[in-house]
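First up is the structure itself, then whatever we jot down about it.
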Amino acid sequence: MNQLVKSKIQSIVVFIIMCLVALIVLIPIYYLIVTTFKTSTEAALFPMSLPENFNFQPYYDAFIKMEYPRAFKNTFLITFFSVVGVVICSSMGGYVLNRMEHLKLIQFIFIIILSGIMFPYQMSVLGLFKLIQGLHLMDTLSAVVFINIAVNIPFATFLFKSFVSTIPIELEEAARMDGAGLFRIFWTITFPLMKPVVATVAILNTLTIWNDFMGPLYFIQSREKNVILQEVYRNVGQFSVDWTSMFPMMVLAVLPLLLFYLFMQKYIIGGVMNGSIKG
């Protein structure tokens, strides 16, 4: 009986702690959302209170001011092509590194690729800047896409290499006996069986690339090619920040990602479990 009472008390204490943690996490979100409906005076005098009137005009002004359709299109194109490039390159690389890992050269190549996880690309931004200039890709979306693919390949390759071990090699041997080549075996047999880790890589990279600010800031110069976060950053002045204008923009920037997360939530949980634990 005492053990049962102790277990219930522990459950209640854990529940209370989790509620407090959730409250701490929700307070900044609450502050962000309620401030978007306030005037500058209300936001300064009553930061945590509800607005007197829920006015959606700030959202309309933010939509127009940041040229949202154009910024959304640029962000979407960069994210889409970057994620597709990472999935294609890292899946093929992870497959070869796994199936030929008995070779010392392959092991060395894998270590070189994996070392890319340890060093942030910002350390080599000067060299990347000169490289992009030399390729005449400065101020293009392609420059950001190529950088994103190169930066995110190491970790994605690690996940794919680990996951390939769970795919029976007998399936590939049977296809090879039927006359199938390497590329046909990979794309028709192996790659379709990689769906869990493909979901993992696609989701994690979408979240990372959509929220990337430094890459576009370094390599995109004209406003016509700016992404959403660059438009939000335009509210940061030399001496002050227009918070009442900036907060609605932040909500508009996060909203597509939030909808994506809600839609892909089950794949995020299942994909991460299958893509990392199985390996």
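Chains: A, B, ... in order of the structure tokens. Residues: from 1 per chain. Ligands: from 1, in order shown.
Every protein or nucleic acid residue with an atom no more than 10 Å from segment 256-262 of chain A, counting only C-alpha atoms and leaving out same-chain residues fewer than 4 positions away, appears here: Phe72, Phe76, Ile203, Thr206, Leu207, Trp210, Asn211, Val251, Leu252, Lys266, Tyr267 and Ile268 of chain A.
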Next on the checklist: I'd like the neighbourhood of Arg70 of chain A as JSON, numbers by chain, where a residue qualifies if any of its atoms comes within 9 Å (using only C-alpha atoms), though same-chain residues fewer than 3 positions away should be ignored.
Outcome noted: {"A": [66, 67, 73, 74, 75, 224, 225, 226, 227, 228]}
Writing out the chosen residues with C-alpha atoms as a short mmCIF file (atom, residue, chain, number, x, y, z; two decimals), in the first residue's frame:
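What follows is the written file out-v8.cif:
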data_model
loop_
_atom_site.label_atom_id
_atom_site.label_comp_id
_atom_site.auth_asym_id
_atom_site.auth_seq_id
_atom_site.Cartn_x
_atom_site.Cartn_y
_atom_site.Cartn_z
CA MET A 66 7.87 42.04 -46.23
CA GLU A 67 6.52 41.17 -49.70
CA LYS A 73 8.72 31.56 -52.83
CA ASN A 74 12.46 32.13 -52.40
CA THR A 75 12.53 30.34 -49.05
CA GLU A 224 14.26 40.39 -54.89
CA LYS A 225 15.99 37.16 -53.78
CA ASN A 226 15.72 37.64 -50.01
CA VAL A 227 14.21 34.89 -47.87
CA ILE A 228 11.62 35.36 -45.13
#
Next on the checklist: I'd like the contact shell of Asp61 of chain A - 12 Å cut-off, only C-alpha atoms, skipping same-chain residues fewer than 3 positions apart - returned as a list of chain:residue names.
Outcome noted: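 Listed by chain and then number, they are A:Thr36, A:Phe37, A:Asn55, A:Phe56, A:Gln57, A:Pro58, A:Ile64, A:Lys65, A:Met66, A:Glu67, A:Tyr68, A:Thr244, A:Ser245, A:Met246, A:Phe247, A:Pro248, A:Met249, A:Leu252.
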Can you write out the residues you just picked, keeping C-alpha atoms, as a tab-separated table (two decimals), in the first residue's frame?
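Writing done, so here's selection.tsv:
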chain	number	residue	atom	x	y	z
A	36	THR	CA	1.08	41.03	-32.63
A	37	PHE	CA	-2.42	42.35	-31.88
A	55	ASN	CA	-6.63	44.02	-34.57
A	56	PHE	CA	-5.41	42.00	-37.59
A	57	GLN	CA	-4.11	45.08	-39.36
A	58	PRO	CA	-0.50	44.43	-38.20
A	64	ILE	CA	2.66	43.78	-47.55
A	65	LYS	CA	5.82	45.23	-46.01
A	66	MET	CA	7.87	42.04	-46.23
A	67	GLU	CA	6.52	41.17	-49.70
A	68	TYR	CA	5.53	37.81	-48.27
A	244	THR	CA	5.19	45.59	-33.12
A	245	SER	CA	6.05	45.30	-36.80
A	246	MET	CA	8.59	42.54	-36.32
A	247	PHE	CA	6.42	40.14	-34.27
A	248	PRO	CA	3.70	39.66	-36.92
A	249	MET	CA	6.45	38.98	-39.45
A	252	LEU	CA	4.19	34.66	-40.66
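Between Ala199 of chain A and the residues A:Phe155, A:Phe46, A:Phe160, A:Tyr121, the shortest atom-to-atom distance, using only C-alpha atoms, involves A:Phe160.
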